[in-house]
$ cat data.txt   # compact mmCIF, C-alpha atoms
# COMPACT_ATOMS: atom_id res chain seq x y z
CA MET L 5 11.10 -89.26 -59.54
CA LEU L 6 13.21 -88.39 -62.59
CA TRP L 7 16.28 -87.63 -60.52
CA GLN L 8 15.83 -90.87 -58.58
CA SER L 9 15.54 -92.71 -61.93
CA ILE L 10 18.78 -91.14 -63.15
CA VAL L 11 20.52 -92.23 -59.95
CA ARG L 12 19.00 -95.72 -60.34
CA ALA L 13 20.20 -95.89 -63.95
CA PHE L 14 23.82 -95.27 -62.87
CA GLU L 15 23.40 -97.70 -59.94
CA LEU L 16 22.18 -100.35 -62.39
CA MET L 17 25.16 -99.80 -64.65
CA GLY L 18 27.50 -100.02 -61.66
CA GLU L 19 25.90 -103.21 -60.37
CA ASN L 20 26.95 -105.16 -63.47
CA ASP L 21 23.60 -106.99 -63.33
CA PRO L 22 23.78 -110.14 -65.55
CA LEU L 23 20.12 -109.77 -66.61
CA LEU L 24 20.60 -106.13 -67.63
CA ASN L 25 23.81 -107.03 -69.48
CA GLU L 26 21.93 -109.79 -71.29
CA ILE L 27 19.11 -107.41 -72.31
CA ILE L 28 21.62 -104.81 -73.53
CA ALA L 29 23.52 -107.49 -75.49
CA THR L 30 20.31 -108.75 -77.16
CA THR L 31 19.29 -105.16 -77.94
CA MET L 32 22.64 -104.31 -79.48
CA LYS L 33 22.77 -107.54 -81.48
CA MET L 34 19.31 -106.90 -82.87
CA ALA L 35 19.84 -103.18 -83.52
CA PHE L 36 23.26 -103.44 -85.17
CA THR L 37 22.22 -106.42 -87.33
CA SER L 38 18.90 -104.98 -88.47
CA SER L 39 20.22 -101.45 -89.11
CA ALA L 40 23.23 -102.80 -91.04
CA LEU L 41 21.01 -105.09 -93.14
CA ALA L 42 18.51 -102.28 -93.74
CA LEU L 43 21.38 -100.07 -94.90
CA LEU L 44 22.85 -102.76 -97.18
CA ILE L 45 19.49 -103.54 -98.76
CA GLY L 46 17.89 -100.10 -98.80
CA VAL L 47 20.73 -97.82 -99.86
CA PRO L 48 21.77 -99.56 -103.14
CA PHE L 49 18.08 -99.85 -104.03
CA GLY L 50 17.51 -96.14 -103.31
CA ILE L 51 20.60 -95.12 -105.28
CA LEU L 52 19.60 -97.26 -108.26
CA ILE L 53 16.17 -95.62 -108.32
CA GLY L 54 17.79 -92.19 -107.95
CA ILE L 55 20.23 -92.53 -110.86
CA SER L 56 17.98 -94.54 -113.21
CA LYS L 57 15.31 -93.44 -115.62
CA PHE L 58 12.53 -95.96 -116.21
CA PRO L 59 8.79 -95.95 -116.86
CA GLY L 60 6.80 -95.89 -113.62
CA LYS L 61 9.64 -94.35 -111.61
CA LYS L 62 7.27 -91.88 -109.95
CA ILE L 63 4.96 -94.70 -108.89
CA VAL L 64 7.88 -96.69 -107.41
CA ILE L 65 9.02 -93.60 -105.48
CA THR L 66 5.48 -92.93 -104.20
CA VAL L 67 5.16 -96.55 -103.00
CA LEU L 68 8.62 -96.36 -101.43
CA HIS L 69 7.74 -93.15 -99.60
CA ALA L 70 4.48 -94.73 -98.39
CA CYS L 71 6.47 -97.73 -97.07
CA MET L 72 8.64 -95.35 -95.04
CA ALA L 73 5.60 -94.90 -92.78
CA LEU L 74 4.80 -98.61 -92.34
CA PRO L 75 3.16 -99.01 -88.92
CA SER L 76 5.39 -101.28 -86.83
CA VAL L 77 2.44 -103.10 -85.25
CA VAL L 78 1.07 -103.96 -88.70
CA VAL L 79 4.48 -105.33 -89.77
CA GLY L 80 4.70 -107.29 -86.52
CA LEU L 81 1.21 -108.75 -86.93
CA THR L 82 1.78 -109.67 -90.58
CA LEU L 83 5.02 -111.49 -89.77
CA TYR L 84 3.34 -113.13 -86.78
CA ILE L 85 0.60 -114.52 -89.04
CA LEU L 86 3.12 -115.61 -91.67
CA PHE L 87 5.50 -117.32 -89.26
CA SER L 88 3.27 -118.57 -86.43
CA GLY L 89 3.50 -122.32 -86.26
CA THR L 90 7.04 -122.23 -87.60
CA GLY L 91 10.18 -122.39 -85.52
CA ALA L 92 11.05 -118.82 -86.40
CA ILE L 93 8.44 -117.15 -84.22
CA TYR L 94 9.61 -115.59 -80.91
CA SER L 95 13.23 -115.40 -82.04
CA VAL L 96 15.75 -112.59 -82.33
CA ARG L 97 16.13 -113.56 -85.98
CA LEU L 98 12.48 -112.76 -86.73
CA MET L 99 12.77 -109.54 -84.71
CA VAL L 100 15.63 -108.56 -87.04
CA VAL L 101 13.50 -109.44 -90.09
CA ALA L 102 10.64 -107.28 -88.76
CA GLN L 103 12.99 -104.36 -88.23
CA VAL L 104 14.57 -104.72 -91.67
CA VAL L 105 11.07 -104.64 -93.23
CA LEU L 106 10.38 -101.46 -91.27
CA ILE L 107 13.72 -99.69 -91.77
CA ALA L 108 14.88 -100.69 -95.30
CA PRO L 109 12.22 -98.50 -96.99
CA VAL L 110 13.40 -95.57 -94.86
CA THR L 111 17.07 -96.05 -95.79
CA ALA L 112 16.07 -96.56 -99.44
CA GLY L 113 13.86 -93.46 -99.43
CA MET L 114 16.54 -91.30 -97.84
CA ALA L 115 19.23 -92.56 -100.25
CA GLU L 116 16.93 -92.02 -103.24
CA SER L 117 16.09 -88.52 -102.11
CA TYR L 118 19.75 -87.56 -101.63
CA VAL L 119 20.92 -89.11 -104.90
CA THR L 120 18.05 -87.48 -106.81
CA ALA L 121 19.23 -84.09 -105.56
CA LEU L 122 22.77 -84.91 -106.69
CA SER L 123 21.69 -86.75 -109.81
CA PRO L 124 21.33 -83.98 -112.44
CA TRP L 125 24.97 -82.88 -112.42
CA LEU L 126 26.30 -86.35 -111.65
CA THR L 127 24.40 -88.09 -114.44
CA GLU L 128 25.10 -85.25 -116.90
CA THR L 129 28.84 -85.38 -116.21
CA ALA L 130 28.90 -89.19 -116.16
CA LYS L 131 26.99 -89.39 -119.44
CA GLY L 132 29.34 -86.83 -120.96
CA LEU L 133 32.23 -89.11 -120.02
CA ARG L 134 30.34 -92.20 -121.27
CA LEU L 135 30.74 -93.92 -117.90
CA LYS L 136 29.11 -97.32 -117.46
CA LYS L 137 26.41 -97.84 -114.80
CA PRO L 138 28.68 -99.56 -112.21
CA LYS L 139 31.02 -96.55 -112.27
CA VAL L 140 28.09 -94.11 -111.94
CA LEU L 141 26.83 -96.20 -109.01
CA PHE L 142 30.30 -96.10 -107.43
CA LEU L 143 30.46 -92.32 -107.88
CA ALA L 144 26.96 -91.87 -106.43
CA VAL L 145 27.93 -93.97 -103.38
CA ASN L 146 31.22 -92.11 -103.05
CA GLU L 147 29.58 -88.69 -103.31
CA SER L 148 26.98 -89.71 -100.69
CA LYS L 149 29.16 -91.52 -98.15
CA TYR L 150 28.87 -88.67 -95.64
CA GLN L 151 25.07 -88.93 -95.86
CA PHE L 152 25.20 -92.71 -95.36
CA ILE L 153 26.43 -92.17 -91.81
CA VAL L 154 23.35 -90.04 -91.17
CA ILE L 155 21.14 -92.68 -92.80
CA TYR L 156 22.77 -95.41 -90.70
CA LEU L 157 22.27 -93.40 -87.51
CA MET L 158 18.63 -92.94 -88.33
CA ALA L 159 18.29 -96.69 -89.06
CA PHE L 160 20.01 -97.56 -85.78
CA ALA L 161 17.86 -95.07 -83.85
CA ARG L 162 14.68 -96.50 -85.38
CA SER L 163 15.82 -100.04 -84.61
CA ILE L 164 16.89 -99.50 -81.02
CA SER L 165 13.75 -97.54 -80.13
CA GLU L 166 11.19 -99.77 -81.87
CA VAL L 167 8.84 -101.70 -79.63
CA GLY L 168 5.62 -102.66 -81.48
CA ALA L 169 6.92 -105.22 -83.99
CA VAL L 170 9.60 -106.75 -81.75
CA GLN L 171 7.06 -107.22 -78.96
CA ILE L 172 4.73 -109.15 -81.30
CA VAL L 173 7.25 -111.34 -83.12
CA GLY L 174 9.73 -111.59 -80.24
CA GLY L 175 7.28 -112.15 -77.44
CA ASN L 176 9.55 -110.45 -74.84
CA ILE L 177 10.77 -113.83 -73.57
CA LEU L 178 13.21 -113.60 -70.65
CA HIS L 179 16.77 -114.70 -71.57
CA GLU L 180 15.66 -115.07 -75.18
CA THR L 181 14.08 -112.09 -76.91
CA ARG L 182 13.83 -109.43 -74.22
CA VAL L 183 15.30 -106.12 -75.39
CA MET L 184 15.48 -102.68 -73.77
CA THR L 185 12.22 -101.35 -75.21
CA THR L 186 10.16 -104.44 -74.39
CA ALA L 187 11.74 -104.54 -70.92
CA ILE L 188 10.79 -100.88 -70.40
CA ALA L 189 7.20 -101.60 -71.52
CA LEU L 190 7.04 -104.62 -69.20
CA ASN L 191 8.32 -102.71 -66.16
CA TYR L 192 5.90 -99.88 -66.91
CA ASN L 193 3.02 -102.39 -67.01
CA MET L 194 4.21 -103.84 -63.69
CA GLY L 195 4.24 -100.35 -62.15
CA GLN L 196 8.03 -100.29 -61.74
CA PHE L 197 8.33 -96.79 -63.20
CA ARG L 198 11.70 -95.94 -61.68
CA TYR L 199 13.28 -99.08 -63.15
CA ALA L 200 11.56 -98.44 -66.48
CA VAL L 201 12.85 -94.86 -66.65
CA ALA L 202 16.32 -96.03 -65.58
CA LEU L 203 16.35 -98.51 -68.47
CA GLY L 204 15.22 -95.68 -70.74
CA ILE L 205 18.17 -93.54 -69.61
CA ILE L 206 20.59 -96.41 -70.31
CA LEU L 207 19.02 -96.73 -73.76
CA LEU L 208 19.59 -93.02 -74.34
CA LEU L 209 23.22 -93.31 -73.24
CA ILE L 210 23.78 -96.18 -75.71
CA ALA L 211 22.25 -94.08 -78.50
CA LEU L 212 24.47 -91.16 -77.50
CA GLY L 213 27.54 -93.41 -77.59
CA VAL L 214 26.72 -94.71 -81.08
CA ASN L 215 26.05 -91.16 -82.31
CA THR L 216 29.38 -89.95 -80.92
CA VAL L 217 31.29 -92.73 -82.70
CA ALA L 218 29.40 -91.99 -85.94
CA THR L 219 30.14 -88.26 -85.66
CA ILE L 220 33.86 -89.01 -85.27
CA ILE L 221 33.76 -91.24 -88.38
CA GLN L 222 31.86 -88.50 -90.25
CA HIS L 223 34.57 -85.95 -89.46
CA LYS L 224 37.27 -88.36 -90.60
CA LEU L 225 35.41 -88.87 -93.89
CA LYS L 226 35.14 -85.14 -94.54
CA MET I 16 28.42 -85.37 -141.06
CA LEU I 17 26.29 -84.44 -138.06
CA THR I 18 22.97 -83.00 -139.14
CA ILE I 19 20.22 -81.30 -137.19
CA GLU I 20 16.76 -81.02 -138.74
CA ASN I 21 13.77 -79.06 -137.45
CA LEU I 22 15.05 -79.26 -133.90
CA LYS I 23 12.89 -77.67 -131.22
CA LYS I 24 13.17 -77.60 -127.47
CA ARG I 25 10.36 -76.26 -125.31
CA TYR I 26 10.03 -75.78 -121.60
CA GLY I 27 6.29 -75.50 -121.16
CA GLU I 28 5.10 -72.75 -123.50
CA ARG I 29 8.58 -71.31 -123.94
CA THR I 30 10.61 -72.38 -126.98
CA VAL I 31 14.31 -72.18 -126.13
CA LEU I 32 15.66 -73.79 -129.27
CA ASP I 33 14.34 -73.73 -132.83
CA ILE I 34 16.81 -74.82 -135.51
CA GLU I 35 15.57 -75.59 -139.02
CA ARG I 36 18.78 -77.16 -140.28
CA LEU I 37 22.39 -77.20 -139.17
CA GLU I 38 25.29 -79.32 -140.40
CA PHE I 39 28.60 -80.06 -138.74
CA GLU I 40 31.25 -81.42 -141.08
CA ASP I 41 33.42 -84.24 -139.76
CA GLY I 42 36.77 -83.07 -138.40
CA LYS I 43 35.80 -79.38 -138.31
CA ARG I 44 35.65 -77.10 -135.27
CA TYR I 45 32.59 -74.98 -134.49
CA ALA I 46 32.18 -72.21 -131.93
CA LEU I 47 28.69 -71.38 -130.63
CA LEU I 48 28.45 -67.69 -129.86
CA GLY I 49 25.58 -65.76 -128.37
CA ALA I 50 24.28 -64.02 -125.29
CA ASN I 51 23.01 -65.88 -122.23
CA GLY I 52 19.80 -67.72 -123.07
CA SER I 53 20.58 -67.91 -126.77
CA GLY I 54 20.35 -71.73 -126.71
CA LYS I 55 24.04 -72.70 -126.84
CA SER I 56 23.98 -74.97 -123.78
CA THR I 57 20.64 -76.52 -124.73
CA LEU I 58 21.97 -77.38 -128.19
CA LEU I 59 25.10 -78.97 -126.68
CA LYS I 60 23.04 -80.96 -124.16
CA ILE I 61 20.78 -82.29 -126.91
CA LEU I 62 23.82 -83.28 -129.00
CA ALA I 63 25.33 -84.95 -125.92
CA GLY I 64 22.09 -86.80 -125.22
CA THR I 65 21.67 -85.41 -121.71
CA GLU I 66 18.50 -83.59 -122.82
CA ARG I 67 15.82 -84.64 -125.24
CA ALA I 68 14.55 -82.45 -128.03
CA SER I 69 10.83 -81.70 -128.06
CA GLU I 70 10.73 -82.08 -131.84
CA GLY I 71 12.98 -82.77 -134.80
CA ARG I 72 15.92 -85.08 -135.24
CA THR I 73 19.66 -85.26 -135.03
CA VAL I 74 21.53 -87.57 -137.39
CA PHE I 75 24.92 -88.60 -136.08
CA PRO I 76 27.72 -90.03 -138.24
CA ASP I 77 28.15 -93.82 -138.00
CA GLY I 78 30.13 -94.98 -134.96
CA VAL I 79 30.17 -91.57 -133.34
CA LYS I 80 31.80 -91.42 -129.90
CA THR I 81 30.77 -88.36 -127.97
CA ALA I 82 32.53 -86.70 -125.05
CA PHE I 83 30.80 -83.79 -123.35
CA MET I 84 31.90 -81.35 -120.69
CA PRO I 85 28.92 -79.49 -119.18
CA GLN I 86 29.08 -75.84 -118.20
CA HIS I 87 29.10 -76.70 -114.50
CA ALA I 88 32.48 -78.41 -114.17
CA VAL I 89 32.49 -81.08 -111.52
CA GLY I 90 35.29 -82.70 -109.57
CA PHE I 91 34.23 -86.03 -108.09
CA LYS I 92 35.09 -86.49 -104.40
CA LEU I 93 38.25 -88.38 -105.29
CA SER I 94 41.87 -87.29 -105.70
CA ALA I 95 42.52 -85.30 -108.89
CA GLU I 96 44.48 -88.27 -110.22
CA ASN I 97 41.61 -90.69 -109.51
CA ASN I 98 39.24 -88.29 -111.27
CA LEU I 99 41.26 -89.00 -114.40
CA ARG I 100 41.57 -92.70 -113.61
CA ILE I 101 37.78 -93.01 -113.67
CA VAL I 102 37.91 -92.58 -117.47
CA CYS I 103 41.38 -93.89 -118.32
CA ASN I 104 43.62 -96.69 -117.03
CA ASP I 105 46.75 -95.63 -118.90
CA LYS I 106 49.19 -94.25 -116.30
CA ALA I 107 51.33 -92.50 -118.93
CA LEU I 108 48.30 -90.69 -120.40
CA ILE I 109 47.14 -89.66 -116.93
CA ALA I 110 50.61 -88.34 -116.03
CA ALA I 111 50.73 -86.42 -119.33
CA ALA I 112 47.25 -84.92 -118.72
CA LEU I 113 48.21 -83.87 -115.18
CA LYS I 114 51.31 -82.16 -116.58
CA GLU I 115 49.52 -80.57 -119.53
CA PHE I 116 46.86 -79.01 -117.29
CA ASP I 117 49.34 -78.04 -114.56
CA LEU I 118 47.68 -80.37 -112.05
CA GLY I 119 50.84 -82.27 -111.03
CA THR I 120 51.08 -80.69 -107.57
CA LEU I 121 47.35 -81.20 -107.01
CA LYS I 122 47.13 -84.84 -108.08
CA SER I 123 46.63 -86.16 -104.53
CA LYS I 124 44.25 -83.39 -103.50
CA ASN I 125 40.53 -84.14 -103.15
CA ALA I 126 38.89 -82.64 -106.25
CA ALA I 127 35.98 -81.37 -104.16
CA LYS I 128 38.44 -78.97 -102.51
CA LEU I 129 39.91 -77.49 -105.70
CA SER I 130 39.22 -73.90 -106.80
CA GLY I 131 36.80 -73.16 -109.66
CA GLY I 132 39.58 -72.77 -112.22
CA GLU I 133 41.42 -75.88 -111.01
CA THR I 134 38.19 -77.89 -111.14
CA GLN I 135 37.55 -76.75 -114.70
CA ARG I 136 41.11 -77.71 -115.72
CA LEU I 137 40.59 -81.12 -114.15
CA ALA I 138 37.17 -81.58 -115.78
CA LEU I 139 38.61 -80.66 -119.18
CA ALA I 140 41.62 -82.96 -118.75
CA ARG I 141 39.22 -85.76 -117.80
CA THR I 142 36.97 -85.13 -120.81
CA LEU I 143 39.91 -85.11 -123.22
CA LEU I 144 41.03 -88.52 -121.90
CA VAL I 145 37.77 -90.05 -123.13
CA PRO I 146 38.14 -91.47 -126.66
CA PHE I 147 35.90 -89.33 -128.90
CA THR I 148 35.03 -88.45 -132.46
CA LEU I 149 32.66 -85.66 -131.41
CA LEU I 150 33.79 -83.33 -128.63
CA LEU I 151 31.21 -81.04 -127.03
CA LEU I 152 32.41 -78.40 -124.59
CA ASP I 153 30.23 -75.85 -122.82
CA GLU I 154 32.30 -72.80 -121.91
CA PRO I 155 35.32 -74.97 -121.13
CA THR I 156 37.61 -72.19 -119.94
CA ALA I 157 35.15 -69.70 -118.41
CA ALA I 158 36.56 -70.06 -114.88
CA MET I 159 40.24 -70.14 -115.89
CA ASP I 160 42.81 -67.36 -115.82
CA LEU I 161 44.20 -66.15 -119.14
CA ASN I 162 47.31 -68.35 -119.20
CA SER I 163 45.42 -71.49 -118.19
CA ALA I 164 42.72 -70.72 -120.78
CA GLN I 165 45.31 -70.40 -123.54
CA ALA I 166 47.01 -73.64 -122.51
CA ALA I 167 43.61 -75.33 -122.38
CA CYS I 168 42.79 -74.10 -125.90
CA ASP I 169 46.07 -75.57 -127.17
CA ALA I 170 45.26 -78.87 -125.47
CA ILE I 171 41.76 -78.95 -126.96
CA LYS I 172 43.10 -78.19 -130.45
CA ARG I 173 45.75 -80.90 -130.14
CA ALA I 174 43.28 -83.51 -128.82
CA VAL I 175 40.76 -82.76 -131.58
CA THR I 176 43.44 -82.87 -134.28
CA ASP I 177 44.93 -86.12 -132.92
CA SER I 178 41.48 -87.77 -132.77
CA ILE I 179 40.40 -86.33 -136.15
CA ALA I 180 37.28 -85.31 -134.30
CA THR I 181 34.55 -82.73 -134.71
CA LEU I 182 34.49 -80.03 -132.05
CA VAL I 183 31.44 -77.99 -131.03
CA PHE I 184 31.97 -75.60 -128.15
CA ALA I 185 30.14 -72.72 -126.57
CA THR I 186 32.09 -69.66 -125.53
CA HIS I 187 31.71 -66.01 -124.61
CA SER I 188 35.25 -65.28 -125.74
CA LEU I 189 35.46 -64.07 -129.33
CA PRO I 190 39.28 -64.39 -129.50
CA GLN I 191 38.98 -67.99 -128.27
CA ALA I 192 36.29 -68.73 -130.86
CA VAL I 193 38.37 -67.29 -133.71
CA ARG I 194 41.52 -69.01 -132.50
CA LEU I 195 40.01 -72.45 -131.98
CA ALA I 196 37.15 -72.76 -134.48
CA ASP I 197 36.87 -73.15 -138.24
CA PHE I 198 33.30 -71.82 -138.14
CA LEU I 199 31.46 -69.36 -135.93
CA ILE I 200 27.78 -70.06 -135.24
CA PHE I 201 25.93 -67.02 -133.94
CA MET I 202 22.82 -67.87 -131.92
CA ASP I 203 20.07 -65.58 -130.71
CA GLY I 204 16.88 -66.50 -128.85
CA GLY I 205 17.25 -70.19 -129.67
CA VAL I 206 17.71 -69.75 -133.43
CA ILE I 207 20.79 -69.76 -135.64
CA ALA I 208 21.40 -66.15 -136.66
CA GLU I 209 24.42 -66.78 -138.90
CA VAL I 210 27.15 -69.30 -139.64
CA MET I 211 30.43 -68.00 -141.00
CA SER I 212 34.03 -69.09 -141.46
CA SER I 213 36.33 -67.91 -138.69
CA GLU I 214 38.76 -66.76 -141.40
CA CYS I 215 36.30 -64.14 -142.68
CA PRO I 216 36.59 -60.65 -141.22
CA LEU I 217 33.96 -59.99 -138.57
CA THR I 218 32.84 -56.99 -140.59
CA ASP I 219 31.36 -59.54 -143.03
CA VAL I 220 28.67 -60.53 -140.52
CA LYS I 221 25.34 -59.78 -142.20
CA ASP I 222 22.67 -60.80 -139.70
CA VAL I 223 21.57 -57.88 -137.50
CA ARG I 224 21.26 -60.11 -134.40
CA ALA I 225 24.83 -61.38 -134.86
CA GLN I 226 25.99 -57.81 -135.47
CA ALA I 227 24.25 -56.70 -132.27
CA PHE I 228 25.94 -59.51 -130.32
CA LEU I 229 29.35 -58.57 -131.72
CA LYS I 230 28.72 -54.93 -130.89
CA SER I 231 27.83 -55.88 -127.31
CA ILE I 232 31.16 -57.64 -126.77
CA ILE I 233 33.49 -55.59 -128.94
CA GLY I 234 31.84 -52.25 -128.47

$ encode --input "data.txt" --output "structure tokens"
Amino acid sequence: MLWQSIVRAFELMGENDPLLNEIIATTMKMAFTSSALALLIGVPFGILIGISKFPGKKIVITVLHACMALPSVVVGLTLYILFSGTGAIYSVRLMVVAQVVLIAPVTAGMAESYVTALSPWLTETAKGLRLKKPKVLFLAVNESKYQFIVIYLMAFARSISEVGAVQIVGGNILHETRVMTTAIALNYNMGQFRYAVALGIILLLIALGVNTVATIIQHKLK
Amino acid sequence: MLTIENLKKRYGERTVLDIERLEFEDGKRYALLGANGSGKSTLLKILAGTERASEGRTVFPDGVKTAFMPQHAVGFKLSAENNLRIVCNDKALIAAALKEFDLGTLKSKNAAKLSGGETQRLALARTLLVPFTLLLLDEPTAAMDLNSAQAACDAIKRAVTDSIATLVFATHSLPQAVRLADFLIFMDGGVIAEVMSSECPLTDVKDVRAQAFLKSIIG
């Protein structure tokens, strides 16, 4: 069964099926957009928390860490209730919003955790040199850039593999909002296991490709 | 004048610093001497504002501008030249600092890949480029070889003289302390054991804790 699925996966890729290409394109569009946005929103927020001292910092960090475990179905349902009746429901745009809500706390939490580890010597040296906050922020980003690749990879992985929220707010509409994970779930429900596993293997190959590119960039940054 | 009054620093139950009163005259140079754990670094960190005292107060002169180099010298993950540029935009001053600290051939090298001594030279050069009236240095030459340490001492002396600044530095090197400082401050277990002029013979040291420290390093 598994071997047959692997063969089917390569057959599918060789067939240049327009529907499969469309699903992959929608998946990539959603995953790249949401992971990039989650990185752009979450990382500066996490770094700011990491390098700053303010009352209630521990509470903010605790809430942030709790948000890292937001259940995707809950996020999907909440957005569904908020946006049902509006034109935004069942769109890739809302799927991206759902994923950003899910992933931004994770990127922020990871950035905060890394910067906090680096913070004592960085802030001590920066304060000794009387550097202004923007320069400290620049240094924190610069010192952490290697870690940002890891954070981005994690964000991309979470985005491309997520199914609960995108199913609810996207609706898995053919030619519109169908992505790899919702297509896999659909084929599983229809009993087309071989096709579902084949799609899963293609998904894995995409993830492997993105990871390889990121690893090359990481080595160049070193 | 910089004045410390009833300064205490505690970590839990442990008191690591307990200074009743200490004064630093403007434009003078002070060396903090003492064994590990005597409170030198804690005192410098409190003066630099990177640590808070548990009790007491520090009165700084009006308009004080502090520059502080911590014990753990750090090179930011930038070229050596850009490490200096982060504090100073003047190309001529940067070029002079690179030359003075023998960093010319390393200016394009990533500071994260420098040796311990090179990193300390870079960190010191960077600190001296910051405009200051109070310079705080925590073992600024500990990782340097003898020649580099001597050159660094000359650079520190020149920078402090040019800025008419007060210098407070911690060191384990008695010759460096005598050479660079106007006053020697002996510390032991978080308290000031004795303050004396660096021009006085070391045989004049009266406090038994300071005598014991001197004996441990001179023999």

$ atom_distance --input "data.txt" --atom1 "atom CA of L:Thr111" --atom2 "atom CA of L:Ser163"
11.9 Å

$ atom_distance --input "data.txt" --atom1 "atom CA of L:Ser39" --atom2 "atom CA of L:Thr120"
22.7 Å

$ closest_residue --input "data.txt" --among "I:Ala164, I:Leu217, I:Val210, I:Met84" --to "chain L" --atoms "only C-alpha atoms"
I:Met84

$ residues_near_point --input "data.txt" --point "(43.8, -75.5, -111.0)" --cutoff "10 Å" --atoms "all atoms listed in the file" --output "list in words"
Phe116, Asp117, Leu118, Gly119, Thr120, Leu121, Ala126, Leu129, Ser130, Gly131, Gly132, Glu133, Thr134, Gln135, Arg136, Leu137, Ala158, Met159, Asp160 and Ser163 of chain I

$ atom_distance --input "data.txt" --atom1 "atom CA of I:Ile101" --atom2 "atom CA of I:Cys168"
23.1 Å

$ closest_residue --input "data.txt" --among "L:Ala115, L:Ile55, L:Leu74, L:Ile28" --to "L:Ala130" --atoms "only C-alpha atoms"
L:Ile55

$ closest_residue --input "data.txt" --among "I:Gly42, I:Gly204, I:Gly78, I:Gly71" --to "I:Val175" --atoms "only C-alpha atoms"
I:Gly42

$ closest_residue --input "data.txt" --among "L:Val140, L:Leu212, L:Val173, L:Ala161" --to "chain I" --atoms "all atoms listed in the file"
L:Val140

$ residues_around --input "data.txt" --residues "L:Ile155" --least-positions-apart "6" --cutoff "12 Å" --atoms "only C-alpha atoms" --output "PyMOL selection string"
chain L and resi 39-40+42-44+46-47+50+107-118+148-149+161-162+215+218+222

$ residues_around --input "data.txt" --residues "L:Met17" --least-positions-apart "5" --cutoff "10 Å" --atoms "all atoms listed in the file" --output "PyMOL selection string"
chain L and resi 12+24-25+202-203+206

$ interface_residues --input "data.txt" --of "chain L" --to "chain I" --cutoff "12 Å" --atoms "all atoms listed in the file" --output "VMD selection string"
chain L and resid 57 122 to 136 138 to 140 142 to 150 225 to 226

$ residues_around --input "data.txt" --residues "L:Leu83" --least-positions-apart "2" --cutoff "9 Å" --atoms "all atoms listed in the file" --output "ChimeraX atom specification"
/L:78-81,85-88,93,98,101-102,169,172-173

$ closest_residue --input "data.txt" --among "L:Phe14, L:Ser165, L:Lys33, L:Gly89" --to "L:Thr181" --atoms "all atoms listed in the file"
L:Lys33

$ closest_residue --input "data.txt" --among "I:Ala112, I:Glu209, I:Arg29, I:Ala185" --to "I:Ala167" --atoms "all atoms listed in the file"
I:Ala112

$ axis_aligned_box --input "data.txt" --around "stretch 36-42 of chain I" --padding-each-side "5 Å" --output "lines of an AutoDock Vina configuration file"
center_x = 27.8
center_y = -80.7
center_z = -139.7
size_x = 28.0
size_y = 17.1
size_z = 12.7

$ residues_around --input "data.txt" --residues "L:Leu190" --least-positions-apart "4" --cutoff "12 Å" --atoms "all atoms listed in the file" --output "PyMOL selection string"
chain L and resi 167+171+175-178+182-186+194-197+199-201+203

$ write_last_selection --input "data.txt" --atoms "C-alpha atoms" --output "short mmCIF file (atom, residue, chain, number, x, y, z; two decimals), in the coordinates of the input"
data_model
loop_
_atom_site.label_atom_id
_atom_site.label_comp_id
_atom_site.auth_asym_id
_atom_site.auth_seq_id
_atom_site.Cartn_x
_atom_site.Cartn_y
_atom_site.Cartn_z
CA VAL L 167 8.84 -101.70 -79.63
CA GLN L 171 7.06 -107.22 -78.96
CA GLY L 175 7.28 -112.15 -77.44
CA ASN L 176 9.55 -110.45 -74.84
CA ILE L 177 10.77 -113.83 -73.57
CA LEU L 178 13.21 -113.60 -70.65
CA ARG L 182 13.83 -109.43 -74.22
CA VAL L 183 15.30 -106.12 -75.39
CA MET L 184 15.48 -102.68 -73.77
CA THR L 185 12.22 -101.35 -75.21
CA THR L 186 10.16 -104.44 -74.39
CA MET L 194 4.21 -103.84 -63.69
CA GLY L 195 4.24 -100.35 -62.15
CA GLN L 196 8.03 -100.29 -61.74
CA PHE L 197 8.33 -96.79 -63.20
CA TYR L 199 13.28 -99.08 -63.15
CA ALA L 200 11.56 -98.44 -66.48
CA VAL L 201 12.85 -94.86 -66.65
CA LEU L 203 16.35 -98.51 -68.47
#
